[in-house]
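Pasting structure_26.cif here (mmCIF, C-alpha atoms):
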data_entry
#
loop_
_atom_site.group_PDB
_atom_site.id
_atom_site.type_symbol
_atom_site.label_atom_id
_atom_site.label_comp_id
_atom_site.auth_asym_id
_atom_site.auth_seq_id
_atom_site.Cartn_x
_atom_site.Cartn_y
_atom_site.Cartn_z
ATOM 1 C CA MET L 1 0.000 0.000 0.000
ATOM 2 C CA SER L 2 1.324 3.457 -0.857
ATOM 3 C CA LEU L 3 0.913 6.137 1.773
ATOM 4 C CA PRO L 4 -1.902 8.608 1.082
ATOM 5 C CA ASP L 5 -1.426 12.301 0.489
ATOM 6 C CA ARG L 6 -1.230 14.191 3.787
ATOM 7 C CA PRO L 7 -0.867 10.952 5.797
ATOM 8 C CA ARG L 8 -2.049 10.814 9.395
ATOM 9 C CA VAL L 9 0.911 9.519 11.381
ATOM 10 C CA VAL L 10 1.889 8.594 14.923
ATOM 11 C CA VAL L 11 5.622 8.834 15.672
ATOM 12 C CA THR L 12 6.913 7.612 19.036
ATOM 13 C CA GLY L 13 10.294 8.776 20.281
ATOM 14 C CA ALA L 14 9.772 11.882 18.174
ATOM 15 C CA GLY L 15 11.898 14.191 20.309
ATOM 16 C CA SER L 16 15.240 13.616 18.603
ATOM 17 C CA GLY L 17 17.247 11.539 16.151
ATOM 18 C CA LEU L 18 15.319 9.295 13.803
ATOM 19 C CA GLY L 19 11.930 10.160 15.294
ATOM 20 C CA ARG L 20 12.538 13.837 14.580
ATOM 21 C CA ALA L 21 13.763 12.973 11.065
ATOM 22 C CA PHE L 22 10.551 11.044 10.390
ATOM 23 C CA CYS L 23 8.470 13.996 11.538
ATOM 24 C CA LEU L 24 10.385 16.483 9.401
ATOM 25 C CA GLU L 25 10.168 14.301 6.310
ATOM 26 C CA LEU L 26 6.454 13.666 6.778
ATOM 27 C CA ALA L 27 5.725 17.311 7.561
ATOM 28 C CA GLY L 28 7.359 18.185 4.248
ATOM 29 C CA ARG L 29 4.808 15.901 2.599
ATOM 30 C CA GLY L 30 1.925 17.703 4.280
ATOM 31 C CA GLY L 31 1.518 15.020 6.919
ATOM 32 C CA ARG L 32 -0.715 15.298 9.945
ATOM 33 C CA ILE L 33 1.435 14.041 12.778
ATOM 34 C CA LEU L 34 1.134 13.149 16.434
ATOM 35 C CA ALA L 35 4.719 13.456 17.694
ATOM 36 C CA VAL L 36 5.123 11.879 21.126
ATOM 37 C CA ASP L 37 8.075 11.360 23.418
ATOM 38 C CA ILE L 38 8.808 10.593 27.049
ATOM 39 C CA ASP L 39 10.289 14.117 27.125
ATOM 40 C CA LEU L 40 7.495 16.476 26.091
ATOM 41 C CA GLY L 41 9.900 19.369 25.672
ATOM 42 C CA ARG L 42 11.827 17.474 23.012
ATOM 43 C CA ALA L 43 8.616 16.600 21.187
ATOM 44 C CA GLU L 44 7.621 20.246 21.191
ATOM 45 C CA GLU L 45 11.042 21.197 19.781
ATOM 46 C CA THR L 46 10.400 18.760 16.948
ATOM 47 C CA ALA L 47 6.991 20.288 16.315
ATOM 48 C CA GLY L 48 8.559 23.750 16.183
ATOM 49 C CA LEU L 49 11.048 22.609 13.546
ATOM 50 C CA CYS L 50 8.262 21.011 11.519
ATOM 51 C CA LYS L 51 6.403 24.314 11.293
ATOM 52 C CA ASN L 52 9.154 25.519 8.974
ATOM 53 C CA VAL L 53 8.543 22.754 6.419
ATOM 54 C CA GLY L 54 4.767 22.349 6.482
ATOM 55 C CA GLY L 55 2.385 19.725 7.725
ATOM 56 C CA GLU L 56 0.419 19.780 10.939
ATOM 57 C CA VAL L 57 2.026 18.485 14.124
ATOM 58 C CA ILE L 58 0.534 18.015 17.555
ATOM 59 C CA THR L 59 2.531 16.675 20.475
ATOM 60 C CA GLY L 60 2.022 14.457 23.461
ATOM 61 C CA LEU L 61 3.777 12.852 26.398
ATOM 62 C CA CYS L 62 4.048 9.082 26.043
ATOM 63 C CA ASP L 63 5.919 6.375 27.919
ATOM 64 C CA VAL L 64 5.640 3.478 25.473
ATOM 65 C CA SER L 65 6.334 0.960 28.242
ATOM 66 C CA LYS L 66 2.874 1.803 29.603
ATOM 67 C CA PRO L 67 0.043 0.212 27.591
ATOM 68 C CA GLU L 68 -2.438 2.885 28.610
ATOM 69 C CA ASP L 69 -0.177 5.605 27.186
ATOM 70 C CA VAL L 70 0.058 3.812 23.837
ATOM 71 C CA ALA L 71 -3.664 3.032 23.695
ATOM 72 C CA ALA L 72 -4.376 6.728 24.226
ATOM 73 C CA LEU L 73 -2.509 7.563 21.006
ATOM 74 C CA ALA L 74 -5.197 5.951 18.855
ATOM 75 C CA SER L 75 -7.933 7.908 20.611
ATOM 76 C CA GLU L 76 -5.998 11.149 20.196
ATOM 77 C CA MET L 77 -5.512 10.491 16.473
ATOM 78 C CA ASP L 78 -9.234 9.795 16.055
ATOM 79 C CA ARG L 79 -10.042 13.030 17.851
ATOM 80 C CA ALA L 80 -7.503 15.216 16.061
ATOM 81 C CA PHE L 81 -7.370 13.752 12.559
ATOM 82 C CA GLY L 82 -10.202 11.244 12.246
ATOM 83 C CA GLY L 83 -7.932 8.202 12.231
ATOM 84 C CA THR L 84 -4.418 6.941 11.507
ATOM 85 C CA ASP L 85 -2.709 5.891 8.279
ATOM 86 C CA LEU L 86 0.783 5.116 9.581
ATOM 87 C CA LEU L 87 2.203 4.096 12.948
ATOM 88 C CA ILE L 88 5.951 4.473 13.437
ATOM 89 C CA ASN L 89 7.092 2.523 16.497
ATOM 90 C CA ASN L 90 10.391 4.350 16.881
ATOM 91 C CA ALA L 91 10.998 4.908 20.598
ATOM 92 C CA GLY L 92 14.020 2.987 21.817
ATOM 93 C CA VAL L 93 16.788 2.809 24.402
ATOM 94 C CA ALA L 94 20.115 0.960 24.626
ATOM 95 C CA VAL L 95 21.726 -1.315 27.206
ATOM 96 C CA GLY L 96 25.123 -2.936 26.738
ATOM 97 C CA GLY L 97 27.466 -5.254 28.621
ATOM 98 C CA PRO L 98 28.187 -8.944 29.110
ATOM 99 C CA VAL L 99 25.355 -11.244 30.154
ATOM 100 C CA GLY L 100 25.522 -11.725 33.906
ATOM 101 C CA THR L 101 26.879 -8.253 34.630
ATOM 102 C CA ILE L 102 23.930 -6.275 33.326
ATOM 103 C CA PRO L 103 21.500 -5.489 36.171
ATOM 104 C CA LEU L 104 18.133 -7.147 35.777
ATOM 105 C CA ALA L 105 16.550 -3.732 36.227
ATOM 106 C CA ASP L 106 18.257 -2.652 33.004
ATOM 107 C CA TRP L 107 16.899 -5.736 31.215
ATOM 108 C CA GLN L 108 13.416 -4.864 32.411
ATOM 109 C CA TRP L 109 13.833 -1.224 31.342
ATOM 110 C CA ILE L 110 14.901 -1.993 27.791
ATOM 111 C CA LEU L 111 12.341 -4.771 27.325
ATOM 112 C CA GLY L 112 9.613 -2.381 28.432
ATOM 113 C CA VAL L 113 10.555 0.296 25.903
ATOM 114 C CA ASN L 114 12.042 -1.519 22.910
ATOM 115 C CA LEU L 115 9.894 -4.636 22.808
ATOM 116 C CA TRP L 116 6.755 -4.088 24.865
ATOM 117 C CA GLY L 117 6.430 -0.581 23.439
ATOM 118 C CA VAL L 118 6.280 -2.020 19.927
ATOM 119 C CA ILE L 119 3.941 -4.810 21.036
ATOM 120 C CA TYR L 120 1.576 -2.269 22.596
ATOM 121 C CA GLY L 121 1.631 -0.180 19.425
ATOM 122 C CA CYS L 122 0.822 -3.141 17.206
ATOM 123 C CA HIS L 123 -1.796 -4.451 19.625
ATOM 124 C CA THR L 124 -3.544 -1.069 19.622
ATOM 125 C CA PHE L 125 -3.399 -0.172 15.932
ATOM 126 C CA VAL L 126 -3.517 -3.482 14.020
ATOM 127 C CA PRO L 127 -7.225 -4.158 14.759
ATOM 128 C CA LYS L 128 -8.112 -0.588 13.728
ATOM 129 C CA PHE L 129 -6.134 -0.896 10.501
ATOM 130 C CA LYS L 130 -7.691 -4.279 9.699
ATOM 131 C CA THR L 131 -11.187 -2.874 10.225
ATOM 132 C CA ALA L 132 -10.391 0.038 7.921
ATOM 133 C CA GLY L 133 -8.766 -2.256 5.346
ATOM 134 C CA ARG L 134 -5.697 -0.036 5.106
ATOM 135 C CA GLY L 135 -2.779 1.302 7.118
ATOM 136 C CA HIS L 136 0.901 0.654 7.611
ATOM 137 C CA ILE L 137 3.258 0.072 10.518
ATOM 138 C CA ILE L 138 6.977 0.860 10.531
ATOM 139 C CA ASN L 139 8.687 -0.941 13.399
ATOM 140 C CA VAL L 140 12.147 0.461 14.063
ATOM 141 C CA ALA L 141 14.438 -2.440 14.896
ATOM 142 C CA SER L 142 18.177 -2.460 14.167
ATOM 143 C CA ALA L 143 20.833 -4.451 12.353
ATOM 144 C CA ALA L 144 21.596 -5.643 15.892
ATOM 145 C CA GLY L 145 18.364 -7.620 15.714
ATOM 146 C CA LEU L 146 19.723 -9.493 12.706
ATOM 147 C CA LEU L 147 23.411 -9.841 13.639
ATOM 148 C CA SER L 148 23.514 -10.321 17.459
ATOM 149 C CA ALA L 149 26.879 -8.775 18.309
ATOM 150 C CA PRO L 150 28.436 -9.673 21.711
ATOM 151 C CA GLU L 151 28.007 -7.494 24.785
ATOM 152 C CA MET L 152 24.724 -6.127 23.424
ATOM 153 C CA ALA L 153 22.408 -8.908 24.579
ATOM 154 C CA PRO L 154 19.513 -6.786 25.905
ATOM 155 C CA TYR L 155 19.508 -4.605 22.805
ATOM 156 C CA ASN L 156 19.866 -7.610 20.480
ATOM 157 C CA VAL L 157 17.059 -9.495 22.205
ATOM 158 C CA THR L 158 14.617 -6.616 21.978
ATOM 159 C CA LYS L 159 15.437 -5.780 18.376
ATOM 160 C CA SER L 160 15.323 -9.456 17.334
ATOM 161 C CA GLY L 161 11.896 -9.569 18.922
ATOM 162 C CA VAL L 162 10.806 -6.567 16.879
ATOM 163 C CA VAL L 163 12.022 -8.288 13.699
ATOM 164 C CA ALA L 164 10.150 -11.493 14.606
ATOM 165 C CA LEU L 165 6.971 -9.595 15.443
ATOM 166 C CA SER L 166 7.150 -7.691 12.154
ATOM 167 C CA GLU L 167 7.700 -10.855 10.114
ATOM 168 C CA THR L 168 4.787 -12.531 11.860
ATOM 169 C CA LEU L 169 2.484 -9.574 11.278
ATOM 170 C CA HIS L 170 3.532 -9.361 7.636
ATOM 171 C CA ALA L 171 2.264 -12.918 7.136
ATOM 172 C CA GLU L 172 -0.867 -12.458 9.230
ATOM 173 C CA LEU L 173 -1.872 -9.258 7.448
ATOM 174 C CA ALA L 174 -1.375 -10.501 3.880
ATOM 175 C CA GLY L 175 -4.393 -9.567 1.786
ATOM 176 C CA THR L 176 -5.885 -7.219 4.391
ATOM 177 C CA GLY L 177 -4.597 -3.962 2.890
ATOM 178 C CA VAL L 178 -2.407 -3.425 5.963
ATOM 179 C CA GLY L 179 1.389 -3.407 5.592
ATOM 180 C CA VAL L 180 4.399 -3.800 7.866
ATOM 181 C CA THR L 181 7.990 -2.643 7.432
ATOM 182 C CA VAL L 182 10.833 -3.434 9.824
ATOM 183 C CA LEU L 183 13.676 -0.931 9.729
ATOM 184 C CA CYS L 184 17.161 -2.278 10.513
ATOM 185 C CA PRO L 185 19.835 0.438 10.354
ATOM 186 C CA THR L 186 23.389 0.221 11.666
ATOM 187 C CA PHE L 187 25.029 3.431 12.927
ATOM 188 C CA PHE L 188 23.837 7.006 12.423
ATOM 189 C CA ARG L 189 23.652 10.048 14.688
ATOM 190 C CA THR L 190 21.164 9.613 17.509
ATOM 191 C CA ASN L 191 20.930 10.164 21.265
ATOM 192 C CA ILE L 192 20.483 6.457 22.005
ATOM 193 C CA ALA L 193 24.090 5.899 23.143
ATOM 194 C CA ARG L 194 24.097 9.050 25.260
ATOM 195 C CA ASP L 195 20.854 8.075 26.976
ATOM 196 C CA GLY L 196 21.679 4.366 27.266
ATOM 197 C CA ARG L 197 23.159 2.207 30.000
ATOM 198 C CA SER L 198 26.246 -0.007 29.773
ATOM 199 C CA THR L 199 28.477 -2.249 31.888
ATOM 200 C CA SER L 200 30.775 -3.047 28.943
ATOM 201 C CA ASP L 201 34.486 -2.175 28.816
ATOM 202 C CA ALA L 202 34.648 -2.906 25.074
ATOM 203 C CA ALA L 203 32.918 0.271 23.966
ATOM 204 C CA THR L 204 31.790 3.629 25.332
ATOM 205 C CA PRO L 205 29.272 6.229 24.206
ATOM 206 C CA ASP L 206 32.197 8.158 22.686
ATOM 207 C CA ASP L 207 33.125 5.105 20.588
ATOM 208 C CA ALA L 208 29.532 4.766 19.421
ATOM 209 C CA HIS L 209 29.357 8.448 18.506
ATOM 210 C CA LYS L 210 32.508 8.128 16.392
ATOM 211 C CA LEU L 211 30.860 5.343 14.399
ATOM 212 C CA MET L 212 27.653 7.347 14.136
ATOM 213 C CA ASP L 213 29.465 10.427 12.869
ATOM 214 C CA ARG L 214 31.322 8.434 10.187
ATOM 215 C CA ALA L 215 28.128 7.039 8.662
ATOM 216 C CA SER L 216 27.337 8.316 5.184
ATOM 217 C CA VAL L 217 23.629 7.560 5.676
ATOM 218 C CA GLN L 218 22.230 9.662 8.517
ATOM 219 C CA ALA L 219 18.772 9.968 10.102
ATOM 220 C CA PRO L 220 17.080 11.953 7.296
ATOM 221 C CA GLU L 221 18.133 9.351 4.723
ATOM 222 C CA VAL L 222 17.195 6.474 7.037
ATOM 223 C CA ALA L 223 13.706 7.939 7.407
ATOM 224 C CA LYS L 224 13.359 8.293 3.630
ATOM 225 C CA VAL L 225 14.411 4.671 3.076
ATOM 226 C CA ALA L 226 11.842 3.454 5.610
ATOM 227 C CA LEU L 227 9.040 5.541 4.118
ATOM 228 C CA ALA L 228 9.933 4.371 0.607
ATOM 229 C CA ALA L 229 9.697 0.771 1.848
ATOM 230 C CA ALA L 230 6.289 1.525 3.351
ATOM 231 C CA ASP L 231 5.176 3.067 0.056
ATOM 232 C CA THR L 232 6.092 -0.104 -1.836
ATOM 233 C CA GLY L 233 4.888 -2.539 0.827
ATOM 234 C CA THR L 234 8.420 -3.834 1.476
ATOM 235 C CA LEU L 235 8.970 -5.788 4.691
ATOM 236 C CA TYR L 236 12.711 -5.280 5.275
ATOM 237 C CA ALA L 237 14.379 -1.862 5.111
ATOM 238 C CA LEU L 238 18.172 -1.930 5.569
ATOM 239 C CA PRO L 239 19.454 1.563 4.746
ATOM 240 C CA HIS L 240 23.165 0.939 5.382
ATOM 241 C CA ALA L 241 25.419 -1.044 3.057
ATOM 242 C CA ASP L 242 27.441 -2.570 5.914
ATOM 243 C CA GLY L 243 24.268 -3.907 7.509
ATOM 244 C CA ARG L 244 23.065 -5.410 4.223
ATOM 245 C CA TRP L 245 26.384 -7.139 3.538
ATOM 246 C CA MET L 246 26.766 -8.525 7.072
ATOM 247 C CA TRP L 247 23.192 -9.845 7.030
ATOM 248 C CA ARG L 248 23.835 -11.560 3.694
ATOM 249 C CA LEU L 249 27.051 -13.114 5.028
ATOM 250 C CA LYS L 250 25.327 -14.362 8.160
ATOM 251 C CA ARG L 251 22.515 -15.964 6.157
ATOM 252 C CA LEU L 252 24.977 -17.523 3.712
ATOM 253 C CA MET L 253 27.536 -18.750 6.283
ATOM 254 C CA PRO L 254 26.086 -18.439 9.792
ATOM 255 C CA GLU L 255 28.763 -20.503 11.569
ATOM 256 C CA THR L 256 31.566 -18.599 9.836
ATOM 257 C CA PHE L 257 29.943 -15.304 10.722
ATOM 258 C CA GLN L 258 29.541 -16.186 14.410
ATOM 259 C CA GLY L 259 32.885 -17.965 14.701
ATOM 260 C CA THR L 260 35.141 -15.616 12.725
ATOM 261 C CA VAL L 261 33.653 -12.228 11.897
ATOM 262 C CA VAL L 262 32.138 -11.475 15.303
ATOM 263 C CA PRO L 263 35.208 -12.474 17.420
ATOM 264 C CA ARG L 264 37.475 -10.429 15.134
ATOM 265 C CA ALA L 265 35.244 -7.387 15.538
ATOM 266 C CA MET L 266 35.333 -7.789 19.319
ATOM 267 C CA LYS L 267 39.121 -8.118 19.303
ATOM 268 C CA LEU L 268 39.462 -4.914 17.308
ATOM 269 C CA ALA L 269 37.079 -3.122 19.658
ATOM 270 C CA ARG L 270 39.050 -4.168 22.745
ATOM 271 C CA ARG L 271 42.353 -3.293 21.095
ATOM 272 C CA GLY L 272 41.025 0.186 20.437
ATOM 273 C CA LYS L 273 40.357 0.621 24.185
ATOM 274 C CA LYS L 274 43.981 -0.015 25.201
#
Do you think you could lay out the structure here as structure tokens?
Amino acid sequence: MSLPDRPRVVVTGAGSGLGRAFCLELAGRGGRILAVDIDLGRAEETAGLCKNVGGEVITGLCDVSKPEDVAALASEMDRAFGGTDLLINNAGVAVGGPVGTIPLADWQWILGVNLWGVIYGCHTFVPKFKTAGRGHIINVASAAGLLSAPEMAPYNVTKSGVVALSETLHAELAGTGVGVTVLCPTFFRTNIARDGRSTSDAATPDDAHKLMDRASVQAPEVAKVALAAADTGTLYALPHADGRWMWRLKRLMPETFQGTVVPRAMKLARRGKK
């Protein structure tokens, strides 16, 4: 399904990074957007930026780990815009470190936001989309959900879950007029490392930011790739070449990937810390 003109869109985690990029891109298309974030001030900053490019943006406070907050988004869209055409489950956090050293509270935190937040979004909007016979969901996962790098277990688990949920929905919704896209980027500039939690000595937020800054495909381009995939009804959106090649290698030679490529990457990361 292609997105309609002036689409009615919910964007979670809209206060910065990719969420803000989605809002700006959609506002430029005349979109009618509900931009929500756990930090209302950030969401309002996004709305202010969108005023310069067009569209109509309203804001809201939303903790996606709370089902009642997510359910309220559908009601707000009905009230403000008469319905929803596109849900972008973008809100996310990061936790890193070796299994066994990561506090269970951090596991619970990331599961609540990254996985349950997406589940709540799909649970709320899928029945409405099916009844309408149209609609699309973009679930923001990560290449981490496909590649499972060491010392990122909580992040990998949540993003793998988002991939699995998206694949399942894609099959369940075939023929209904409702589409699903799962977005799996690698590195680009975002606040996720700054706002995350880590017990790892292999990498720091500064290391992550260096990788983010080097990326040739940044948040605006990532958003465009995801929206183009939604327009064409494509399930997988991998905007970065390194992510596409590593995913292909893993599918072609999974044991080689896990036994050679991943340990070498970890060795290089630790060497860089010395």
So which residues fall inside 12 Å of (6.6, 21.4, 9.4) if we count all atoms listed in the file? Mind giving them as an mmCIF file with C-alpha atoms, in the frame of the given file?
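Okay, result22.cif is ready:
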data_model
loop_
_atom_site.group_PDB
_atom_site.id
_atom_site.type_symbol
_atom_site.label_atom_id
_atom_site.label_comp_id
_atom_site.auth_asym_id
_atom_site.auth_seq_id
_atom_site.Cartn_x
_atom_site.Cartn_y
_atom_site.Cartn_z
ATOM 1 C CA ARG L 20 12.538 13.837 14.580
ATOM 2 C CA ALA L 21 13.763 12.973 11.065
ATOM 3 C CA PHE L 22 10.551 11.044 10.390
ATOM 4 C CA CYS L 23 8.470 13.996 11.538
ATOM 5 C CA LEU L 24 10.385 16.483 9.401
ATOM 6 C CA GLU L 25 10.168 14.301 6.310
ATOM 7 C CA LEU L 26 6.454 13.666 6.778
ATOM 8 C CA ALA L 27 5.725 17.311 7.561
ATOM 9 C CA GLY L 28 7.359 18.185 4.248
ATOM 10 C CA ARG L 29 4.808 15.901 2.599
ATOM 11 C CA GLY L 30 1.925 17.703 4.280
ATOM 12 C CA GLY L 31 1.518 15.020 6.919
ATOM 13 C CA ARG L 32 -0.715 15.298 9.945
ATOM 14 C CA ILE L 33 1.435 14.041 12.778
ATOM 15 C CA ALA L 35 4.719 13.456 17.694
ATOM 16 C CA GLU L 44 7.621 20.246 21.191
ATOM 17 C CA GLU L 45 11.042 21.197 19.781
ATOM 18 C CA THR L 46 10.400 18.760 16.948
ATOM 19 C CA ALA L 47 6.991 20.288 16.315
ATOM 20 C CA GLY L 48 8.559 23.750 16.183
ATOM 21 C CA LEU L 49 11.048 22.609 13.546
ATOM 22 C CA CYS L 50 8.262 21.011 11.519
ATOM 23 C CA LYS L 51 6.403 24.314 11.293
ATOM 24 C CA ASN L 52 9.154 25.519 8.974
ATOM 25 C CA VAL L 53 8.543 22.754 6.419
ATOM 26 C CA GLY L 54 4.767 22.349 6.482
ATOM 27 C CA GLY L 55 2.385 19.725 7.725
ATOM 28 C CA GLU L 56 0.419 19.780 10.939
ATOM 29 C CA VAL L 57 2.026 18.485 14.124
ATOM 30 C CA ILE L 58 0.534 18.015 17.555
#
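Applied to the file shown here, the PyMOL selection byres ((chain L and resi 149) around 10) selects the residues L:Ala143, L:Ala144, L:Gly145, L:Leu146, L:Leu147, L:Ser148, L:Pro150, L:Glu151, L:Met152, L:Ala153, L:Tyr155, L:Asn156, L:Gln258, L:Val261, L:Val262, L:Pro263, L:Ala265, L:Met266.
Of the residues listed (L:Pro154, L:Leu18, L:Leu165, L:Ala71), L:Pro154 shows the shortest atom-to-atom separation from Gly96 (chain L); distances use all atoms listed in the file.
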For region 180-182 of chain L: contacts at 7 Å, all atoms listed in the file, fewer than 3 positions along chain excluded, given as an mmCIF file with C-alpha atoms, in the coordinates of the input:
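Okay, around_22.cif is ready:
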data_model
loop_
_atom_site.group_PDB
_atom_site.id
_atom_site.type_symbol
_atom_site.label_atom_id
_atom_site.label_comp_id
_atom_site.auth_asym_id
_atom_site.auth_seq_id
_atom_site.Cartn_x
_atom_site.Cartn_y
_atom_site.Cartn_z
ATOM 1 C CA HIS L 136 0.901 0.654 7.611
ATOM 2 C CA ILE L 137 3.258 0.072 10.518
ATOM 3 C CA ILE L 138 6.977 0.860 10.531
ATOM 4 C CA ASN L 139 8.687 -0.941 13.399
ATOM 5 C CA VAL L 140 12.147 0.461 14.063
ATOM 6 C CA ALA L 141 14.438 -2.440 14.896
ATOM 7 C CA VAL L 163 12.022 -8.288 13.699
ATOM 8 C CA SER L 166 7.150 -7.691 12.154
ATOM 9 C CA LEU L 169 2.484 -9.574 11.278
ATOM 10 C CA HIS L 170 3.532 -9.361 7.636
ATOM 11 C CA ALA L 229 9.697 0.771 1.848
ATOM 12 C CA ALA L 230 6.289 1.525 3.351
ATOM 13 C CA THR L 234 8.420 -3.834 1.476
ATOM 14 C CA LEU L 235 8.970 -5.788 4.691
ATOM 15 C CA TYR L 236 12.711 -5.280 5.275
ATOM 16 C CA ALA L 237 14.379 -1.862 5.111
#
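Going from CA of Val162 (chain L) over to CA of His240 (chain L), you cover 18.5 Å.
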Could you state the separation of CA of Leu40 (chain L) and CA of Val93 (chain L) in Å, given to one decimal place?
16.6 Å
The PyMOL selection byres ((chain L and resi 61) around 10) applied to the shown file, residues as a ChimeraX atom specification
/L:12-13,35-44,59-60,62-64,69,73
Spatial neighbours of region 116-126 of chain L, max dist 6 Å, all atoms listed in the file, sep filter under 3 positions, as a list in words:
Val64, Ser65, Pro67, Ala71, Asn89, Gly112, Val113 and Phe129 of chain L
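Note that the spacing between CA of Arg79 (chain L) and CA of Asn114 (chain L) amounts to 26.9 Å.
Between Ser160 (chain L) and the residues L:Pro127, L:Leu111, L:Ala132, L:Met246, the shortest atom-to-atom distance, using all atoms listed in the file, involves L:Leu111.
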Contacts of Val9 (chain L) within 7 Å, only C-alpha atoms, excl. fewer than 5 positions in-chain, as a PyMOL selection string
chain L and resi 32-34+84-87
Writing out the chosen residues with C-alpha atoms as a short mmCIF file (atom, residue, chain, number, x, y, z; two decimals), in the coordinates of the input:
data_model
loop_
_atom_site.label_atom_id
_atom_site.label_comp_id
_atom_site.auth_asym_id
_atom_site.auth_seq_id
_atom_site.Cartn_x
_atom_site.Cartn_y
_atom_site.Cartn_z
CA ARG L 32 -0.72 15.30 9.94
CA ILE L 33 1.44 14.04 12.78
CA LEU L 34 1.13 13.15 16.43
CA THR L 84 -4.42 6.94 11.51
CA ASP L 85 -2.71 5.89 8.28
CA LEU L 86 0.78 5.12 9.58
CA LEU L 87 2.20 4.10 12.95
#
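For Val178 (chain L), the list of residues within 7 Å, based on all atoms listed in the file and with local chain neighbours fewer than 3 positions off taken out, reads Phe129, Lys130, Gly133, Arg134, Gly135, His136 and Leu173 of chain L.
Considering all atoms listed in the file, the residue among L:Val157, L:Val10, L:Ala219, L:Glu68 positioned nearest to Ile88 (chain L) is L:Val10.
Nearest to Lys128 (chain L) of all the residues L:Ser142, L:Thr158, L:Asn90, L:Ser75 is L:Ser75, based on only C-alpha atoms.
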